[in-house]
Amino acid sequence: MNPTSASVAVSALPGGAIPAQAARTGKVRIIDAVKYYGAAGTGVLAVDHCTFEVPAGEITVVVGPSGCGKTTLLNAIAGFHSLSSGSIYLDDEMLCGPGKLKAEPGPDRIVVFQNGALFPWKTNIENITFGPMMQGRLTRAEAYEKARDMMADAGLRGIENNYPGEISSGVRRRVEIVRALMNDPKILLLDEPYRALDSLTKSVMHEALLEIFYKNRVTIFFITHDLEEAIFLGHRVVIMTTRPCRPKKILDIDIPHPRDYSVLTTKRFREFMDETAAAVHEEATKAFAAGEKER
Amino acid sequence: MSETDLTKLPINTLLDRSDQMSSTAVAMHRLSLWLASPRPYLMMIGFGLFLGFWYLSVEVWKLPRFAEMPGLTTVVSEWLSKNPIYGLSIFVDEYYLHIWVSIRRIAIAFFLATAIGVPLGLFLGWSKRFKQFVFPVFELLRPIPPLAWVPLAIVMFHGSETPVIFLTFLASFYATALNTMLGVQSIDISYVRAASCLGAKRWQIFRHIIVPGALPFIFTGLQISVGVAWFSLVAGEMVSGQYGLGYVINTSYTMVRYPTIIIGMVTLGIVGYVTSAMVRVLGDYMMQWRTRELALGGER
Amino acid sequence: MNAIKGFVLKTISFVTGEDFWRGIVAIIVFLLFWETGSRSQSWFGVAFPWVSQVPAPTAVLQEMYRLIQDPSFWHSAYLSTLRVTEGFLAAMVIGIPLGLAMAVSKTFYGISFPVFEVLRPIPPLAWVPAAIIFWPTQELSIAFVTFLGAFFTIVINVIGGAQAIDVRYFQAARSMGSSTWDIFRRIILPGTLPSIVVGATVGIGITWAVVVAAEMISGGGSAGSVGGAAGGGLGFFIWNSYVGGSYTQIVAGMISIGMAGYLSSAILRKIGEWMTPWLAEG
């Protein structure tokens with residue numbers, strides 16, 4: 001697929017354009033994960049015996065009220081925080097578990113942050129080439145060539161030498177995702193990446209994310225508190241209880257991929273919304289009553 | 001064209017084009033805006049009132065106390081005179097010698113303070129253990145104003161040059177180190193995490209995230225640092241020292257060359273302003289990402 | 001009751017914490033280094049550069065013990081404190097209204113701010129001789145220079161604070177029918193208070209630095225002495241100790257100045273916290 005046709009909207013993709021060879025890597029298993037903050041006994045329980053699986057080559061969306069502890073879970077997978085007990089596996093390799101409660105951060109699991117973490121002091125292309133250059137995997141020339149190709153592919157041509165502060169926040173998110181994909185990660189960890197965007201930009205970002213996913217088939221672990229976003233994007237939706245967080249309901253969304261925004265008005269989509277809205281609302285009410293603050 | 005299509009256009013067509021306007025055109029445009037606003041005229045009124053009051057109170061009305069002061073015309077004519085009555089004007093070499101001596105001391109002290117203060121601040125902010133061991137001593141010494149070190153500095157260092165430079169250094173050093181430390185602590189943890197995700201080692205994070213991330217605070221610190229450097233230098237030169245603008249002001253007082261005091265003060269103000277402007281320009285140059293962001297109105 | 005319990009718990013966890021012990025270790029190492037360094041000549045026969053010229057901490061401690069029983073030392077401290085207070089209060093009384101006026105009125109800002117900015121880069125101490133010529137007494141000229149030290153900082157902070165107030169507060173107040181005076185009193189004044197506190201805390205630090213130097217320059221420097229042997233304030237006290245060759249007194253004086261400056265900042269910070277309770281983090 002050449003870059004020009006890549007910049008056509010997702011809706012133009014023919015139905016069967018999904019690459020046949022679905023990725024075999026990026027499966028994450030979370031087994032009986034527990035996270036305490038503070039001293040045992042007096043501390044706060046953030047994650048309470050969580051067990052679920054993120055299938056390889058699929059999008060798994062975790063939905064829960066703000067501050068429920070879902071980010072804690074993501075941080076444990078990424079290696080920013082330790083677990084108190086339990087274990088997490090990536091493709092049968094233990095990331096953290098008994099004897100090693102904190103995973104090592106690494107380029108096989110890349111986080112896209114809530115407020116964006118493009119380095120403002122580096123140009124977009126310097127940001128995108130940061131990973132391979134730091135790891136010493138590619139030479140500067142190779143990295144720049146790959147970055148240019150990937151940017152063109154994602155419709156990001158012409159901003160290579162701009163700083164992130166000079167482009168719109170929607171474009172920044174796309175640059176950040178390209179920066180992650182440069183490292184051929186096994187899994188992308190997205191921590192409410194579209195939270196700060198307005199709903200119009202958000203809808204465009206959703207389709208762009210799906211397009212990237214169809215092209216790369218990278219496993220995605222996506223956190224949000226927006227149920228609609230979750231059902232629209234996810235193969236699998238995990239609804240979390242309010243703090244301490246634990247899966248309340250796990251749904252497999254059987255709306256066929258590739259999806260576009262026409263999905264939102266289908267009967268099946270509304271049925272999923274109806275099925276889950278009550279559960280999510282109940283947890284949100286509990287969280288509100290408990291006076292949870294943003295964490 | 002659907003909404004989706006629009007966002008997929010090459011992004012640069014949506015960017016502000018102001019960066020392609022020539023800088024002279026931008027400057028001219030800004031100047032005409034400025035002249036069209038009331039600001040330059042209010043400014044003239046302000047300076048008119050200030051200078052007018054100085055002139056009238058000292059030289060025309062001869063108000064009590066004011067009459068003792070050197071008047072505006074006396075100072076200006078002395079400053080611009082080819083044969084100054086009290087020995088110092090823009091046509092006298094010695095005038096530039098004093099300026100040079102002061103600037104040289106500032107430059108040495110500022111350079112030392114930056115060379116020691118910035119790395120120290122970076123490590124204080126970066127390593128918790130380093131901070132636990134070093135910061136208490138730093139905080140123990142900091143409340144003592146640099147100027148209170150004057151007599152001890154004279155005792156500790158021989159000659160008259162080193163004590164003055166030491167005092168100037170000390171004031172700058174605290175400001176630089178402290179602001180650098182705050183700069184490191186102000187860095188969003190997400191940047192550090194993102195870098196470690198992308199495979200950066202600890203040292204690479206230090207070089208690519210910590211140092212540039214702290215830069216805005218470092219330059220705030222350097223701005224303060226130049227300011228307090230002049231502050232201490234003047235005190236140092238007034239108490240001990242040979243040559244320099246502080247020395248000019250003090251000796252002009254004892255030798256009853258009152259207009260020269262004012263010349264010294266005005267010169268200090270100008271030179272002080274120029275040095276801090278130089279630091280600002282250097283900062284803008286080193287932090288282009290910030291300048292460009294702000295030029296676009298800083299959507300963030 | 002709860003507050004006391006909270007305080008006790010906090011103190012206990014601080015004293016038992018890593019921060020505290022590493023800090024103690026650091027300070028002890030520093031003092032040992034200082035003691036060894038200043039006695040290096042007599043202990044090892046080799047003078048450690050610079051530090052050997054500084055009297056040892058134990059000697060300074062003895063000197064301080066002697067000084068706190070000496071009324072003339074306390075008189076010096078009193079004089080300096082008095083000057084700091086005078087200059088600082090004058091800077092607050094003149095600086096706050098001036099800063100507010102500049103922030104509120106665009107015209108006044110346009111007229112006065114450029115003049116203010118031209119005077120600001122002149123270091124306060126450069127004003128000492130001019131102040132001595134202008135003011136009838138030495139006391140007033142020192143107070144004036146002290147005033148200048150805090151004045152510029154306070155004004156700049158007040159302007160910055162008032163200009164940073166969110167426009168929506170004004171709009172909200174207007175829509176609820178507030179008069180201009182109400183807006184000034186209920187929004188601008190409290191909105192500026194945090195930056196006034198910051199300006200004051202920084203300002204009093206500068207004030208101590210200026211007072212010490214001004215006392216040295218006008219009393220101990222070339223301007224001729226005033227007020228007798230130990231009557232010129234702490235700055236004059238350390239200068240006089242230098243002239244008299246009593247180096248332990250210099251260091252003891254420096255430490256007293258440091259403590260005085262630290263204390264006054266701490267007091268101002270406390271007052272600031274009490275005046276801006278909405279800033280307290282839970």
# chains A, B, ... in the order shown; residues from 1 in each chain; ligands from 1
$ interface_residues --of "chain C" --to "chain B" --cutoff "7 Å" --atoms "only C-alpha atoms" --output "mmCIF file with N, CA and C atoms, in the first residue's frame"
data_model
loop_
_atom_site.group_PDB
_atom_site.id
_atom_site.type_symbol
_atom_site.label_atom_id
_atom_site.label_comp_id
_atom_site.auth_asym_id
_atom_site.auth_seq_id
_atom_site.Cartn_x
_atom_site.Cartn_y
_atom_site.Cartn_z
ATOM 1 N N ASP C 19 15.536 10.434 55.629
ATOM 2 C CA ASP C 19 15.899 11.831 55.367
ATOM 3 C C ASP C 19 16.625 12.450 56.556
ATOM 4 N N ARG C 22 20.166 10.751 57.391
ATOM 5 C CA ARG C 22 21.190 11.074 56.397
ATOM 6 C C ARG C 22 21.568 12.548 56.485
ATOM 7 N N GLY C 23 20.575 13.387 56.778
ATOM 8 C CA GLY C 23 20.850 14.805 56.965
ATOM 9 C C GLY C 23 21.794 15.039 58.134
ATOM 10 N N ALA C 26 25.239 13.991 57.263
ATOM 11 C CA ALA C 26 25.856 14.966 56.372
ATOM 12 C C ALA C 26 26.376 16.168 57.153
ATOM 13 N N ILE C 27 25.560 16.655 58.075
ATOM 14 C CA ILE C 27 25.955 17.856 58.814
ATOM 15 C C ILE C 27 27.146 17.546 59.737
ATOM 16 N N TRP C 50 42.228 27.712 52.375
ATOM 17 C CA TRP C 50 41.019 28.473 52.725
ATOM 18 C C TRP C 50 40.433 28.131 54.095
ATOM 19 N N GLN C 53 41.952 29.187 57.410
ATOM 20 C CA GLN C 53 41.817 30.577 57.835
ATOM 21 C C GLN C 53 40.553 30.799 58.668
ATOM 22 N N VAL C 54 39.624 29.823 58.585
ATOM 23 C CA VAL C 54 38.341 29.989 59.266
ATOM 24 C C VAL C 54 38.435 29.375 60.656
ATOM 25 N N THR C 107 -3.361 52.643 32.320
ATOM 26 C CA THR C 107 -2.703 53.940 32.109
ATOM 27 C C THR C 107 -1.573 54.130 33.112
ATOM 28 N N GLY C 110 1.235 51.925 32.264
ATOM 29 C CA GLY C 110 1.998 52.431 31.122
ATOM 30 C C GLY C 110 2.935 53.558 31.507
ATOM 31 N N ILE C 111 2.498 54.390 32.456
ATOM 32 C CA ILE C 111 3.334 55.526 32.856
ATOM 33 C C ILE C 111 4.462 55.094 33.781
ATOM 34 N N SER C 112 4.116 54.265 34.794
ATOM 35 C CA SER C 112 5.101 54.047 35.853
ATOM 36 C C SER C 112 5.989 52.829 35.645
ATOM 37 N N PRO C 114 7.652 51.446 33.039
ATOM 38 C CA PRO C 114 8.973 51.618 32.398
ATOM 39 C C PRO C 114 10.002 52.286 33.314
ATOM 40 N N VAL C 115 9.565 53.320 34.062
ATOM 41 C CA VAL C 115 10.492 53.982 34.991
ATOM 42 C C VAL C 115 10.973 52.992 36.047
ATOM 43 N N PRO C 121 17.245 47.464 37.772
ATOM 44 C CA PRO C 121 18.549 46.785 37.683
ATOM 45 C C PRO C 121 19.656 47.420 38.531
ATOM 46 N N ILE C 122 19.442 48.624 39.061
ATOM 47 C CA ILE C 122 20.488 49.227 39.902
ATOM 48 C C ILE C 122 20.472 48.517 41.254
ATOM 49 N N PRO C 123 21.554 47.836 41.614
ATOM 50 C CA PRO C 123 21.555 47.102 42.885
ATOM 51 C C PRO C 123 21.293 48.050 44.059
ATOM 52 N N LEU C 125 22.459 48.356 46.898
ATOM 53 C CA LEU C 125 23.602 48.881 47.647
ATOM 54 C C LEU C 125 24.275 50.031 46.910
ATOM 55 N N ALA C 126 24.066 50.108 45.603
ATOM 56 C CA ALA C 126 24.626 51.238 44.867
ATOM 57 C C ALA C 126 23.964 52.545 45.299
ATOM 58 N N PRO C 129 25.559 55.546 48.987
ATOM 59 C CA PRO C 129 26.085 56.907 49.110
ATOM 60 C C PRO C 129 25.017 57.965 48.827
ATOM 61 N N ILE C 133 23.693 60.956 51.349
ATOM 62 C CA ILE C 133 23.643 62.380 51.031
ATOM 63 C C ILE C 133 22.233 62.925 51.244
ATOM 64 N N PHE C 134 21.253 62.130 50.820
ATOM 65 C CA PHE C 134 19.895 62.646 50.812
ATOM 66 C C PHE C 134 19.259 62.689 52.193
ATOM 67 N N ALA C 209 20.079 40.748 53.783
ATOM 68 C CA ALA C 209 21.341 40.869 53.061
ATOM 69 C C ALA C 209 21.728 42.341 52.917
ATOM 70 N N VAL C 212 22.815 44.135 56.293
ATOM 71 C CA VAL C 212 24.158 43.759 56.716
ATOM 72 C C VAL C 212 25.205 44.534 55.909
ATOM 73 N N ALA C 213 24.996 44.554 54.583
ATOM 74 C CA ALA C 213 25.974 45.234 53.737
ATOM 75 C C ALA C 213 25.947 46.736 53.967
ATOM 76 N N ILE C 217 29.030 49.045 54.956
ATOM 77 C CA ILE C 217 29.516 50.114 54.093
ATOM 78 C C ILE C 217 29.464 51.461 54.808
ATOM 79 N N GLY C 221 32.752 50.876 56.730
ATOM 80 C CA GLY C 221 33.517 51.164 55.533
ATOM 81 C C GLY C 221 34.126 52.536 55.591
ATOM 82 N N ALA C 223 32.854 55.345 55.078
ATOM 83 C CA ALA C 223 32.000 56.492 55.387
ATOM 84 C C ALA C 223 32.148 56.974 56.816
ATOM 85 N N TRP C 239 31.941 43.488 60.768
ATOM 86 C CA TRP C 239 33.005 44.293 60.168
ATOM 87 C C TRP C 239 33.998 44.726 61.241
ATOM 88 N N TYR C 242 36.183 42.021 62.259
ATOM 89 C CA TYR C 242 37.256 41.842 61.279
ATOM 90 C C TYR C 242 38.367 42.840 61.527
ATOM 91 N N ILE C 250 33.526 36.995 63.861
ATOM 92 C CA ILE C 250 32.972 37.147 62.507
ATOM 93 C C ILE C 250 32.026 36.002 62.230
ATOM 94 N N MET C 254 28.059 35.930 61.583
ATOM 95 C CA MET C 254 27.436 35.402 60.359
ATOM 96 C C MET C 254 26.313 34.431 60.689
ATOM 97 N N ILE C 255 26.618 33.553 61.670
ATOM 98 C CA ILE C 255 25.597 32.568 62.035
ATOM 99 C C ILE C 255 24.366 33.269 62.612
ATOM 100 N N ILE C 257 23.305 36.228 61.881
ATOM 101 C CA ILE C 257 22.577 36.848 60.771
ATOM 102 C C ILE C 257 21.773 35.796 60.008
ATOM 103 N N GLY C 258 22.418 34.645 59.769
ATOM 104 C CA GLY C 258 21.720 33.566 59.079
ATOM 105 C C GLY C 258 20.477 33.133 59.836
ATOM 106 N N GLY C 261 17.746 35.823 59.645
ATOM 107 C CA GLY C 261 17.091 35.831 58.337
ATOM 108 C C GLY C 261 16.162 34.640 58.184
ATOM 109 N N TYR C 262 16.637 33.481 58.637
ATOM 110 C CA TYR C 262 15.834 32.267 58.509
ATOM 111 C C TYR C 262 14.559 32.384 59.335
#
$ residues_around --residues "range 74-83 of chain B" --least-positions-apart "4" --cutoff "8 Å" --atoms "only C-alpha atoms" --output "mmCIF file with N, CA, C and O atoms, in the first residue's frame"
data_model
loop_
_atom_site.group_PDB
_atom_site.id
_atom_site.type_symbol
_atom_site.label_atom_id
_atom_site.label_comp_id
_atom_site.auth_asym_id
_atom_site.auth_seq_id
_atom_site.Cartn_x
_atom_site.Cartn_y
_atom_site.Cartn_z
ATOM 1 N N PRO B 70 23.048 65.707 43.367
ATOM 2 C CA PRO B 70 23.468 66.188 42.054
ATOM 3 C C PRO B 70 22.254 66.278 41.133
ATOM 4 O O PRO B 70 21.427 65.370 41.107
ATOM 5 N N GLY B 87 36.281 63.848 36.743
ATOM 6 C CA GLY B 87 37.185 62.806 36.251
ATOM 7 C C GLY B 87 36.585 61.628 35.534
ATOM 8 O O GLY B 87 37.317 60.801 35.006
ATOM 9 N N LEU B 88 35.257 61.504 35.472
ATOM 10 C CA LEU B 88 34.718 60.311 34.841
ATOM 11 C C LEU B 88 33.593 60.671 33.865
ATOM 12 O O LEU B 88 32.600 61.286 34.251
ATOM 13 N N SER B 89 33.787 60.323 32.596
ATOM 14 C CA SER B 89 32.728 60.525 31.611
ATOM 15 C C SER B 89 32.940 59.521 30.492
ATOM 16 O O SER B 89 33.916 58.774 30.495
ATOM 17 N N ILE B 90 32.037 59.534 29.515
ATOM 18 C CA ILE B 90 32.144 58.530 28.452
ATOM 19 C C ILE B 90 33.371 58.748 27.576
ATOM 20 O O ILE B 90 33.687 57.928 26.735
ATOM 21 N N PHE B 91 34.071 59.876 27.745
ATOM 22 C CA PHE B 91 35.262 60.113 26.939
ATOM 23 C C PHE B 91 36.543 59.773 27.694
ATOM 24 O O PHE B 91 37.637 60.000 27.207
ATOM 25 N N VAL B 92 36.388 59.249 28.879
ATOM 26 C CA VAL B 92 37.569 58.958 29.692
ATOM 27 C C VAL B 92 37.814 57.448 29.706
ATOM 28 O O VAL B 92 36.894 56.677 29.951
ATOM 29 N N PRO B 259 28.226 63.998 41.408
ATOM 30 C CA PRO B 259 27.642 63.596 40.111
ATOM 31 C C PRO B 259 28.167 62.239 39.632
ATOM 32 O O PRO B 259 27.435 61.478 39.006
ATOM 33 N N THR B 260 29.407 61.937 39.968
ATOM 34 C CA THR B 260 29.981 60.662 39.529
ATOM 35 C C THR B 260 29.266 59.474 40.180
ATOM 36 O O THR B 260 29.179 58.398 39.600
ATOM 37 N N ILE B 262 26.104 59.229 40.649
ATOM 38 C CA ILE B 262 24.931 58.940 39.809
ATOM 39 C C ILE B 262 25.373 58.293 38.497
ATOM 40 O O ILE B 262 24.744 57.349 38.010
ATOM 41 N N ILE B 263 26.478 58.797 37.923
ATOM 42 C CA ILE B 263 26.983 58.177 36.686
ATOM 43 C C ILE B 263 27.258 56.691 36.930
ATOM 44 O O ILE B 263 26.881 55.834 36.141
#
$ residues_around --residues "Phe219 in chain B" --least-positions-apart "6" --cutoff "8 Å" --atoms "only C-alpha atoms" --output "ChimeraX atom specification"
/B:279-280,283
$ atom_distance --atom1 "CA of Asn179 in chain B" --atom2 "CA of Phe111 in chain B"
16.0 Å
$ residues_around --residues "Ala162 in chain C" --least-positions-apart "3" --cutoff "6 Å" --atoms "only C-alpha atoms" --output "ChimeraX atom specification"
/C:159,165,192
$ closest_atom_pairs --of "range 19-88 of chain A" --to "range 195-202 of chain B" --cutoff "12 Å" --atoms "only C-alpha atoms" --output "CSV"
residue,atom,partner,partner_atom,distance
A:Asn75,CA,B:Cys197,CA,11.0
A:Ile77,CA,B:Cys197,CA,11.1
A:Ala78,CA,B:Cys197,CA,7.4
A:Gly79,CA,B:Cys197,CA,8.5
A:Phe80,CA,B:Cys197,CA,9.2
$ write_last_selection --atoms "N, CA and C atoms" --output "PDB file, in the first residue's frame"
ATOM      1  N   ASN A  75       0.398   0.334  34.925  1.00  0.00           N
ATOM      2  CA  ASN A  75       1.754   0.640  35.379  1.00  0.00           C
ATOM      3  C   ASN A  75       2.512  -0.620  35.787  1.00  0.00           C
ATOM      4  N   ILE A  77       2.067  -3.592  34.382  1.00  0.00           N
ATOM      5  CA  ILE A  77       2.488  -4.264  33.143  1.00  0.00           C
ATOM      6  C   ILE A  77       3.691  -3.531  32.546  1.00  0.00           C
ATOM      7  N   ALA A  78       3.635  -2.190  32.549  1.00  0.00           N
ATOM      8  CA  ALA A  78       4.699  -1.398  31.937  1.00  0.00           C
ATOM      9  C   ALA A  78       5.992  -1.475  32.736  1.00  0.00           C
ATOM     10  N   GLY A  79       5.872  -1.748  34.042  1.00  0.00           N
ATOM     11  CA  GLY A  79       7.061  -1.823  34.879  1.00  0.00           C
ATOM     12  C   GLY A  79       7.355  -0.536  35.627  1.00  0.00           C
ATOM     13  N   PHE A  80       6.351   0.328  35.777  1.00  0.00           N
ATOM     14  CA  PHE A  80       6.553   1.566  36.541  1.00  0.00           C
ATOM     15  C   PHE A  80       6.313   1.337  38.026  1.00  0.00           C
TER      16      PHE A  80
END
$ interface_residues --of "chain A" --to "chain B" --cutoff "7 Å" --atoms "only C-alpha atoms" --output "VMD selection string"
chain A and resid 7 to 9 105 to 107 109 to 111 117 119 to 121 131 134 to 135 155 to 159 163 165 to 166 204
$ atom_distance --atom1 "CA of Asn157 in chain C" --atom2 "CA of Leu89 in chain C"
15.8 Å
$ residues_around --residues "Arg243 in chain A" --least-positions-apart "2" --cutoff "7 Å" --atoms "only C-alpha atoms" --output "number ranges by chain"
A: 46, 68-69, 241, 245
$ select_by_dssp --residues "range 180-294 of chain A" --states "helix (DSSP H, G or I)" --output "ChimeraX atom specification"
/A:180-181,199-216,227-233,261-265,267-289
$ residues_around --residues "Val62 in chain A" --least-positions-apart "4" --cutoff "8 Å" --atoms "only C-alpha atoms" --output "ChimeraX atom specification"
/A:70,221-224,230,237-240
$ select_by_dssp --residues "range 100-176 of chain A" --states "strand (DSSP E)" --output "MDAnalysis selection string"
chainID A and resid 109:112
$ atom_distance --atom1 "CA of Leu35 in chain B" --atom2 "CA of Ile156 in chain C"
25.3 Å
